[in-house]
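K.L.:
Structure file my_file-v9.csv (CSV, C-alpha atoms) is given on the next line.
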```
chain,number,residue,atom,x,y,z
A,1,MET,CA,-56.8,49.4,22.9
A,2,ARG,CA,-56.3,48.2,19.3
A,3,ILE,CA,-53.5,45.8,18.7
A,4,VAL,CA,-53.5,46.1,14.9
A,5,ASP,CA,-54.1,49.4,13.2
A,6,SER,CA,-55.4,47.9,10.0
A,7,VAL,CA,-56.6,49.6,6.9
A,8,SER,CA,-60.4,49.9,6.3
A,9,THR,CA,-62.0,46.5,6.1
A,10,GLU,CA,-65.5,47.7,5.2
A,11,HIS,CA,-65.4,46.2,1.7
A,12,LYS,CA,-64.0,42.9,2.7
A,13,THR,CA,-66.0,39.7,2.6
A,14,ASP,CA,-67.1,37.9,5.7
A,15,ALA,CA,-64.5,35.2,5.1
A,16,GLU,CA,-61.7,37.8,4.7
A,17,LEU,CA,-62.8,39.6,7.9
A,18,ILE,CA,-62.9,36.3,9.8
A,19,ALA,CA,-59.5,35.4,8.6
A,20,ALA,CA,-58.2,38.8,9.7
A,21,VAL,CA,-59.7,38.4,13.2
A,22,THR,CA,-58.2,35.0,13.6
A,23,ARG,CA,-54.8,36.5,12.8
A,24,GLY,CA,-55.3,38.9,15.6
A,25,ASP,CA,-56.7,42.0,13.9
A,26,ARG,CA,-59.4,43.1,16.3
A,27,ASN,CA,-60.3,46.1,14.1
A,28,ALA,CA,-61.7,43.5,11.6
A,29,PHE,CA,-64.0,42.2,14.3
A,30,ALA,CA,-65.3,45.8,14.9
A,31,ASP,CA,-66.4,45.7,11.2
A,32,ILE,CA,-68.1,42.4,11.8
A,33,VAL,CA,-69.9,43.9,14.8
A,34,ARG,CA,-71.0,46.8,12.6
A,35,ARG,CA,-72.1,44.5,9.8
A,36,TYR,CA,-74.2,42.2,12.0
A,37,GLU,CA,-75.4,44.5,14.7
A,38,ALA,CA,-78.8,44.8,13.2
A,39,VAL,CA,-79.1,41.0,12.8
A,40,VAL,CA,-78.2,40.4,16.5
A,41,ALA,CA,-80.4,43.3,17.6
A,42,SER,CA,-83.5,42.1,15.8
A,43,THR,CA,-82.9,38.6,17.2
A,44,VAL,CA,-82.3,39.5,20.8
A,45,ILE,CA,-84.8,42.4,21.0
A,46,GLY,CA,-87.4,40.3,19.3
A,47,MET,CA,-86.9,37.5,21.9
A,48,LEU,CA,-86.3,39.6,25.0
A,49,GLY,CA,-87.9,43.0,24.3
A,50,ALA,CA,-86.0,46.2,24.1
A,51,GLY,CA,-83.9,47.2,27.1
A,52,ASP,CA,-80.8,46.4,29.1
A,53,ALA,CA,-81.3,42.6,29.0
A,54,ALA,CA,-81.3,42.7,25.2
A,55,GLU,CA,-78.3,45.0,25.0
A,56,GLU,CA,-76.4,42.7,27.4
A,57,ALA,CA,-77.5,39.6,25.5
A,58,GLY,CA,-76.3,41.3,22.3
A,59,GLN,CA,-72.9,42.0,23.8
A,60,VAL,CA,-72.6,38.4,25.1
A,61,ALA,CA,-73.6,37.1,21.7
A,62,MET,CA,-70.9,39.2,20.0
A,63,ILE,CA,-68.2,38.1,22.4
A,64,LYS,CA,-69.3,34.4,21.9
A,65,ILE,CA,-69.0,35.0,18.1
A,66,TYR,CA,-65.5,36.5,18.6
A,67,ASN,CA,-64.3,33.7,20.8
A,68,GLY,CA,-65.7,31.1,18.4
A,69,LEU,CA,-64.5,32.5,15.1
A,70,ASP,CA,-61.6,30.1,14.8
A,71,ARG,CA,-64.2,27.3,15.1
A,72,PHE,CA,-66.5,28.7,12.4
A,73,ARG,CA,-66.4,26.1,9.5
A,74,ALA,CA,-68.6,27.9,7.0
A,75,ASP,CA,-71.1,24.9,7.0
A,76,SER,CA,-73.7,27.6,7.0
A,77,SER,CA,-73.6,31.3,6.0
A,78,PHE,CA,-72.0,33.5,8.5
A,79,LYS,CA,-75.3,35.4,9.0
A,80,THR,CA,-77.0,32.1,9.9
A,81,TYR,CA,-74.1,31.4,12.3
A,82,VAL,CA,-74.4,34.8,13.9
A,83,THR,CA,-78.2,34.5,14.2
A,84,ARG,CA,-77.9,31.1,15.8
A,85,ILE,CA,-75.6,32.4,18.5
A,86,ALA,CA,-77.7,35.4,19.1
A,87,MET,CA,-80.8,33.2,19.3
A,88,ASN,CA,-79.2,30.7,21.7
A,89,THR,CA,-78.0,33.6,23.9
A,90,ALA,CA,-81.5,35.0,24.0
A,91,LEU,CA,-83.0,31.6,24.8
A,92,ASP,CA,-80.4,31.1,27.6
A,93,GLU,CA,-81.5,34.5,29.1
A,94,LEU,CA,-85.2,33.4,28.9
A,95,ARG,CA,-84.3,30.1,30.6
A,96,ARG,CA,-82.5,32.1,33.3
A,97,ARG,CA,-85.5,34.3,33.7
A,98,LYS,CA,-87.9,31.3,33.9
A,99,ARG,CA,-86.0,29.9,36.8
A,100,PHE,CA,-86.6,33.1,38.8
A,101,LEU,CA,-89.7,34.6,37.5
A,102,SER,CA,-93.2,33.3,37.2
A,103,ARG,CA,-94.4,33.3,33.6
A,104,PHE,CA,-97.2,35.5,32.4
A,105,PHE,CA,-99.6,34.0,30.0
A,106,THR,CA,-102.5,35.7,28.3
A,107,ARG,CA,-105.6,33.9,27.2
A,108,ALA,CA,-106.4,34.0,23.5
A,109,ASP,CA,-110.0,34.8,22.8
A,110,SER,CA,-110.8,32.7,19.8
A,111,ASP,CA,-114.2,34.5,19.3
A,112,ALA,CA,-112.6,37.9,18.9
A,113,ALA,CA,-113.0,39.8,15.7
A,114,ASP,CA,-110.0,40.3,13.4
A,115,PRO,CA,-108.3,43.5,14.4
A,116,ILE,CA,-105.1,42.5,12.6
A,117,ASP,CA,-106.8,43.6,9.4
A,118,ASP,CA,-107.2,47.0,11.0
A,119,ILE,CA,-103.5,47.4,11.4
A,120,PRO,CA,-102.0,49.3,8.4
A,121,ALA,CA,-99.6,47.4,6.3
A,122,SER,CA,-95.9,48.0,7.0
A,123,ASP,CA,-95.3,50.0,3.9
A,124,ASN,CA,-97.6,52.7,5.3
A,125,VAL,CA,-96.2,52.7,8.8
A,126,ALA,CA,-92.5,52.3,8.4
A,127,GLY,CA,-90.8,53.4,11.6
A,128,ASN,CA,-94.1,53.4,13.5
A,129,LEU,CA,-92.9,53.0,17.1
A,130,GLU,CA,-96.3,52.2,18.4
A,131,GLN,CA,-96.8,49.3,16.0
A,132,ARG,CA,-93.3,48.1,16.8
A,133,GLN,CA,-94.1,48.1,20.5
A,134,LEU,CA,-97.4,46.4,19.9
A,135,VAL,CA,-95.8,43.6,17.9
A,136,LEU,CA,-92.9,43.2,20.5
A,137,ASN,CA,-95.4,43.0,23.3
A,138,ALA,CA,-97.4,40.4,21.4
A,139,LEU,CA,-94.2,38.4,20.7
A,140,ASN,CA,-93.3,38.6,24.3
A,141,GLN,CA,-96.5,36.7,25.1
A,142,LEU,CA,-95.5,33.7,23.1
A,143,LYS,CA,-93.6,30.7,24.6
A,144,PRO,CA,-89.9,30.8,23.6
A,145,GLU,CA,-90.3,27.9,21.1
A,146,PHE,CA,-92.9,29.8,19.2
A,147,ARG,CA,-91.3,33.2,19.7
A,148,SER,CA,-88.1,32.0,18.2
A,149,VAL,CA,-89.6,30.8,14.9
A,150,ALA,CA,-91.8,33.9,14.7
A,151,VAL,CA,-88.8,36.3,15.2
A,152,LEU,CA,-86.7,34.4,12.6
A,153,ARG,CA,-89.3,33.7,10.0
A,154,LEU,CA,-91.7,36.6,10.3
A,155,MET,CA,-89.6,39.4,11.6
A,156,GLN,CA,-86.2,38.6,10.0
A,157,GLY,CA,-87.4,36.9,6.9
A,158,TYR,CA,-85.4,33.7,7.1
A,159,SER,CA,-86.7,30.8,5.0
A,160,THR,CA,-88.1,27.8,6.8
A,161,ALA,CA,-84.9,25.8,5.9
A,162,GLU,CA,-82.7,28.5,7.4
A,163,VAL,CA,-84.9,28.7,10.6
A,164,ALA,CA,-84.6,24.9,10.9
A,165,ALA,CA,-80.8,25.2,10.6
A,166,ILE,CA,-80.5,28.0,13.1
A,167,LEU,CA,-82.7,26.3,15.7
A,168,ASN,CA,-81.4,22.8,14.9
A,169,LEU,CA,-85.0,21.6,14.2
A,170,SER,CA,-86.5,19.6,11.3
A,171,GLU,CA,-88.4,21.6,8.7
A,172,GLY,CA,-91.6,19.8,9.7
A,173,THR,CA,-91.2,21.0,13.3
A,174,VAL,CA,-90.6,24.5,12.1
A,175,PHE,CA,-93.8,24.4,10.0
A,176,SER,CA,-95.8,23.1,12.9
A,177,ARG,CA,-94.4,25.7,15.4
A,178,LEU,CA,-94.8,28.5,12.8
A,179,SER,CA,-98.4,27.7,12.3
A,180,ARG,CA,-99.1,27.7,16.0
A,181,ALA,CA,-96.9,30.8,16.5
A,182,ARG,CA,-99.1,32.6,13.9
A,183,GLN,CA,-102.3,31.6,15.8
A,184,HIS,CA,-100.8,32.7,19.2
A,185,LEU,CA,-99.4,35.9,17.8
A,186,LYS,CA,-102.7,36.8,16.2
A,187,ALA,CA,-104.5,36.3,19.5
A,188,ALA,CA,-101.8,38.2,21.4
A,189,LEU,CA,-102.0,41.1,18.9
A,190,GLU,CA,-105.8,41.2,19.3
A,191,SER,CA,-105.4,41.2,23.0
A,192,GLU,CA,-102.8,44.0,22.8
A,193,ILE,CA,-105.1,46.1,20.5
A,194,TYR,CA,-108.2,45.6,22.6
A,195,ASP,CA,-106.3,46.4,25.8
A,196,GLU,CA,-105.2,49.8,24.5
B,1,MET,CA,-107.1,23.3,8.7
B,2,ASN,CA,-105.4,19.9,8.6
B,3,LYS,CA,-101.7,19.3,8.8
B,4,LYS,CA,-101.3,18.9,5.0
B,5,HIS,CA,-103.0,22.3,4.4
B,6,ARG,CA,-101.0,23.9,7.1
B,7,VAL,CA,-97.7,22.8,5.5
B,8,LEU,CA,-99.0,23.9,2.1
B,9,LEU,CA,-99.7,27.3,3.5
B,10,GLU,CA,-96.3,27.6,5.2
B,11,ARG,CA,-94.5,26.5,2.1
B,12,TYR,CA,-96.5,29.0,0.1
B,13,LEU,CA,-95.5,31.8,2.4
B,14,ASP,CA,-91.9,30.5,2.3
B,15,GLY,CA,-92.0,30.6,-1.5
B,16,SER,CA,-90.9,27.0,-1.8
B,17,LEU,CA,-93.9,25.5,-3.5
B,18,THR,CA,-93.2,23.6,-6.8
B,19,PRO,CA,-95.4,24.7,-9.8
B,20,THR,CA,-97.6,21.6,-9.3
B,21,GLU,CA,-98.0,22.4,-5.6
B,22,LEU,CA,-98.8,26.0,-6.4
B,23,GLU,CA,-101.6,24.9,-8.7
B,24,THR,CA,-103.0,22.6,-5.9
B,25,PHE,CA,-102.7,25.6,-3.5
B,26,LYS,CA,-104.6,27.9,-5.8
B,27,ALA,CA,-107.3,25.3,-6.4
B,28,LEU,CA,-107.7,24.8,-2.7
B,29,ARG,CA,-107.9,28.5,-2.1
B,30,SER,CA,-110.6,29.0,-4.6
B,31,HIS,CA,-112.7,26.1,-3.3
B,32,ASP,CA,-112.2,26.4,0.4
B,33,PRO,CA,-113.1,29.8,1.9
B,34,THR,CA,-111.8,28.9,5.3
B,35,PHE,CA,-108.4,28.0,3.8
B,36,ASP,CA,-108.5,31.2,1.8
B,37,ALA,CA,-109.2,33.3,4.9
B,38,SER,CA,-106.3,31.6,6.7
B,39,VAL,CA,-104.0,32.6,3.8
B,40,VAL,CA,-105.2,36.2,3.9
B,41,ASP,CA,-104.8,36.2,7.7
B,42,ALA,CA,-101.2,34.8,7.5
B,43,GLU,CA,-100.2,37.3,4.9
B,44,ALA,CA,-101.6,40.2,6.9
B,45,LEU,CA,-99.8,39.0,10.0
B,46,GLY,CA,-96.6,38.6,8.1
B,47,ARG,CA,-96.8,42.2,6.8
B,48,VAL,CA,-97.4,43.6,10.2
B,49,VAL,CA,-94.6,41.7,11.9
B,50,GLU,CA,-92.1,42.1,9.1
B,51,GLY,CA,-92.6,45.9,9.2
B,52,SER,CA,-92.1,45.9,13.0
B,53,GLY,CA,-88.6,44.8,13.3
B,54,PRO,CA,-86.8,46.3,16.3
B,55,LEU,CA,-84.9,49.5,15.7
B,56,GLY,CA,-81.7,48.3,17.1
B,57,PHE,CA,-79.4,48.9,20.0
B,58,GLN,CA,-78.5,52.3,21.4
B,59,PRO,CA,-75.8,54.1,19.5
B,60,GLY,CA,-72.3,53.0,20.4
B,61,PHE,CA,-73.0,49.2,20.5
B,62,GLU,CA,-69.9,48.4,18.5
B,63,ALA,CA,-67.7,50.5,20.9
B,64,ARG,CA,-69.2,48.8,23.9
B,65,VAL,CA,-68.5,45.3,22.5
B,66,MET,CA,-65.0,46.2,21.4
B,67,ALA,CA,-64.2,47.7,24.9
B,68,GLN,CA,-65.2,44.4,26.5
B,69,ILE,CA,-63.2,42.3,24.0
B,70,ASN,CA,-60.1,44.5,24.3
B,71,ALA,CA,-60.3,44.5,28.1
B,72,ARG,CA,-60.4,40.7,28.1
B,73,ALA,CA,-57.6,40.5,25.6
B,74,ALA,CA,-55.5,42.8,27.7
B,75,PHE,CA,-56.1,40.7,30.8
B,76,VAL,CA,-55.3,37.4,29.1
B,77,SER,CA,-52.1,38.8,27.5
B,78,ASP,CA,-50.6,39.9,30.8
B,79,ASP,CA,-48.3,36.9,31.1
B,80,ALA,CA,-46.8,37.8,34.5
B,81,MET,CA,-50.2,38.3,36.1
B,82,MET,CA,-51.5,35.1,34.6
B,83,LEU,CA,-48.5,33.2,35.8
B,84,LEU,CA,-49.0,34.5,39.4
B,85,TRP,CA,-52.7,33.8,39.2
B,86,ARG,CA,-52.1,30.2,38.1
B,87,MET,CA,-49.3,29.6,40.6
B,88,PHE,CA,-51.1,31.1,43.6
B,89,PRO,CA,-53.1,28.0,44.6
B,90,ARG,CA,-49.9,25.8,44.4
B,91,VAL,CA,-47.7,28.0,46.5
B,92,ALA,CA,-50.2,29.5,49.0
B,93,VAL,CA,-50.5,26.5,51.4
B,94,PRO,CA,-46.7,25.6,51.5
B,95,ALA,CA,-45.9,29.3,51.9
B,96,SER,CA,-48.3,29.7,54.8
B,97,ALA,CA,-47.0,26.5,56.5
B,98,LEU,CA,-43.4,27.8,56.2
B,99,THR,CA,-44.4,31.2,57.7
B,100,VAL,CA,-46.0,29.5,60.7
B,101,LEU,CA,-42.8,27.4,61.2
B,102,ILE,CA,-40.6,30.5,61.1
B,103,MET,CA,-42.8,32.3,63.6
B,104,LEU,CA,-42.8,29.3,65.9
B,105,ASN,CA,-39.0,29.1,65.6
B,106,ASN,CA,-38.8,32.8,66.4
B,107,TYR,CA,-41.1,32.5,69.4
B,108,LEU,CA,-39.2,29.5,70.9
B,109,GLY,CA,-35.8,31.3,70.4
B,110,ALA,CA,-36.9,34.7,71.7
B,111,PRO,CA,-35.1,36.1,74.7
B,112,ALA,CA,-37.1,36.1,78.0
B,113,GLY,CA,-39.2,39.2,78.5
B,114,ALA,CA,-39.6,39.9,74.8
B,115,SER,CA,-43.1,41.0,73.8
B,116,ILE,CA,-45.3,38.5,71.9
B,117,LEU,CA,-44.9,40.6,68.7
B,118,ASP,CA,-41.1,40.7,69.0
B,119,ALA,CA,-41.1,37.0,69.8
B,120,LEU,CA,-43.1,36.1,66.7
B,121,PHE,CA,-41.9,38.6,64.2
B,122,GLY,CA,-38.4,39.6,65.4
B,123,LEU,CA,-35.3,38.2,63.9
B,124,PRO,CA,-34.2,34.9,65.4
B,125,ALA,CA,-30.8,36.2,66.3
B,126,ARG,CA,-29.6,33.2,68.3
B,127,ASN,CA,-30.5,30.8,65.5
B,128,ILE,CA,-29.0,32.9,62.8
B,129,VAL,CA,-25.8,33.1,64.7
B,130,ALA,CA,-26.0,29.3,65.2
B,131,VAL,CA,-26.5,28.8,61.5
B,132,LEU,CA,-23.7,31.2,60.6
B,133,GLY,CA,-21.4,29.4,63.1
B,134,ALA,CA,-22.3,26.1,61.6
B,135,LEU,CA,-21.5,27.3,58.1
B,136,THR,CA,-18.2,28.8,59.1
```
Kindly present the structure from the file in C-alpha cells form.
P.N.:
Amino acid sequence: MRIVDSVSTEHKTDAELIAAVTRGDRNAFADIVRRYEAVVASTVIGMLGAGDAAEEAGQVAMIKIYNGLDRFRADSSFKTYVTRIAMNTALDELRRRKRFLSRFFTRADSDAADPIDDIPASDNVAGNLEQRQLVLNALNQLKPEFRSVAVLRLMQGYSTAEVAAILNLSEGTVFSRLSRARQHLKAALESEIYDE
Amino acid sequence: MNKKHRVLLERYLDGSLTPTELETFKALRSHDPTFDASVVDAEALGRVVEGSGPLGFQPGFEARVMAQINARAAFVSDDAMMLLWRMFPRVAVPASALTVLIMLNNYLGAPAGASILDALFGLPARNIVAVLGALT
C-alpha cells in the first residue's frame, strides 16, 4: 500500500528524499532503499555472511533507518549514517549468536607461505564468486571488532576517519584494529586456501 | 613492526599522509625490507578484499522492506484497533468482575429447578421486574 503516489524521486538528493519521507511519502523511502541497498548489503553480508540472517539484518537495518529518519541531523553523511545502522544491526546479530552458539576460531599458522600473492588481483577476477566466498569465509573467522573494521575499510573503502565515526572509535583504535585485522585476515585466507 | 610504523602504513593506505610523512614513509620502505614487505602484503590483501565485495541481496529486497514498512504503518494508523488495544488492559478486569456479579445475581434469583446454565446465564426476570417496579 502506498499512501502518496509521488512523482519519480530518483534524481533527488538524499536531503530531499529524507524530507519527503518525514512528510509521509513512503515512495521516497523506496528510493532510499534502492540507493543504499548495496551499502547495507555489503555491510551485513560482510559481517554475517550471505544468507537469510544477512537478509533479515538488512531489512531490520532499513526499518531502523526509516523509523529514525526524523532524528537524522546530518552530522555525518547519510551514507555513513546508513552504514553505522547496518553495522550496529549486524553486530547485534553477532552478539545474539554468541549467546547461543559456541564460537569457532581457527589457528593462524605464522610460518605459512604467502598464498595471498597467489590470488589474482581484483581487476582480473571481477565477479569471481569463488574468490568472494573465500574472502567472506576468511572474514567470518575474525572477531567482530576486527571484522567490522576490515569490512568497512578494506571491503567498502571507507577512510579511517569514516570508519572511526561509524564505529564510534578513535582513529588510533581503528589503526590498531585494522593492523591486527590484516594479520588475522591474511592468516585466515591462507587457511582457507590451504584447506581447499 | 612497531606502532609508529604500523600507523604510518595504515595512513599511507588511507591516503592521508602529509608530503613530509610520505617522504619518511618512502625512506623507511627503501631501508627496511621487512617494512617494505608489510606494505606489499597490505596492498595485496587490500586488492583481494576490495574486489570481493558481496554481490548483494536477492532481487526484490526493496519490495520486501517496503512491504514490512507499509504493513506496520497500516497497523499503527488503524485508530479504532489501537484504541481498543490500549483500552483492553484497563477495562478487562472491571468487566470480568461485573460479569461475575451479574451471573451470581442471576443464580441467586433463579427459580427453583432451573438448570445451572439457565440460572447463571438466564435473564434475572424477578430482579428486572423489581427494578422496573422501583423505577415506575
K.L.:
Extract, using all atoms listed in the file, all DNA, RNA and protein residues at most 12 Å from Asp75 of chain A, discarding same-chain residues fewer than 5 positions from it, and format them as a VMD selection string.
P.N.:
chain A and resid 80 to 81 165 to 166
K.L.:
Can you write out the residues you just picked, keeping C-alpha atoms, as a PDB file, in the frame of the given file?
P.N.:
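Result file result_30.pdb:
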```
ATOM      1  CA  THR A  80     -77.000  32.100   9.900  1.00  0.00           C
ATOM      2  CA  TYR A  81     -74.100  31.400  12.300  1.00  0.00           C
ATOM      3  CA  ALA A 165     -80.800  25.200  10.600  1.00  0.00           C
ATOM      4  CA  ILE A 166     -80.500  28.000  13.100  1.00  0.00           C
TER       5      ILE A 166
END
```
K.L.:
Using all atoms listed in the file, can you tell me which of B:Asn105, B:Asp36, B:His5, B:Ala71 comes closest to Glu21 of chain B?
P.N.:
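Looking only at the distances to Glu21 of chain B, the closest residue turns out to be B:His5.
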K.L.:
Would you mind telling me which residue in A:Lys79, A:Arg71, A:Arg180, A:Lys98 lies nearest to Lys3 of chain B when using all atoms listed in the file?
P.N.:
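Checking each candidate against Lys3 of chain B, we get A:Arg180 as the closest.
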K.L.:
Please identify every residue of chain B that has at least one atom no more than 9 Å from any atom of chain A, counting all atoms listed in the file, and report them as a ChimeraX atom specification.
P.N.:
/B:3,6-7,9-11,14-16,41-42,44-58,61-71,74
K.L.:
Grab the atom CA of Arg86 of chain B to atom CA of Leu98 of chain B distance for me, in Å with one decimal place.
P.N.:
20.2 Å
K.L.:
Between A:Thr13, A:Thr89, A:Asn137, A:Ser76, which has the minimum distance to Glu192 of chain A (counting all atoms listed in the file)?
P.N.:
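Between A:Thr13, A:Thr89, A:Asn137, A:Ser76, the residue approaching Glu192 of chain A most closely is A:Asn137.
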K.L.:
Calculated over only C-alpha atoms, which of the candidates B:Asp118, B:Asp32, B:Glu43, B:Glu23 has the smallest distance to Asn106 of chain B?
P.N.:
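The closest residue to Asn106 of chain B is B:Asp118.
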K.L.:
At what distance in Å, to one decimal, does atom CA of Ser77 of chain A lie from atom CA of Arg72 of chain B?
P.N.:
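The value is 27.4 Å.
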K.L.:
Expressed in Å to a single decimal, how great is the separation between atom CA of Ala57 of chain A and atom CA of Arg96 of chain A?
P.N.:
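Distance between the two atoms: 11.9 Å.
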K.L.:
Kindly indicate which residue among A:Ala28, A:Asn88, A:Ala19, A:Leu167 lies nearest to Lys64 of chain A, using all atoms listed in the file for the distances.
P.N.:
A:Asn88
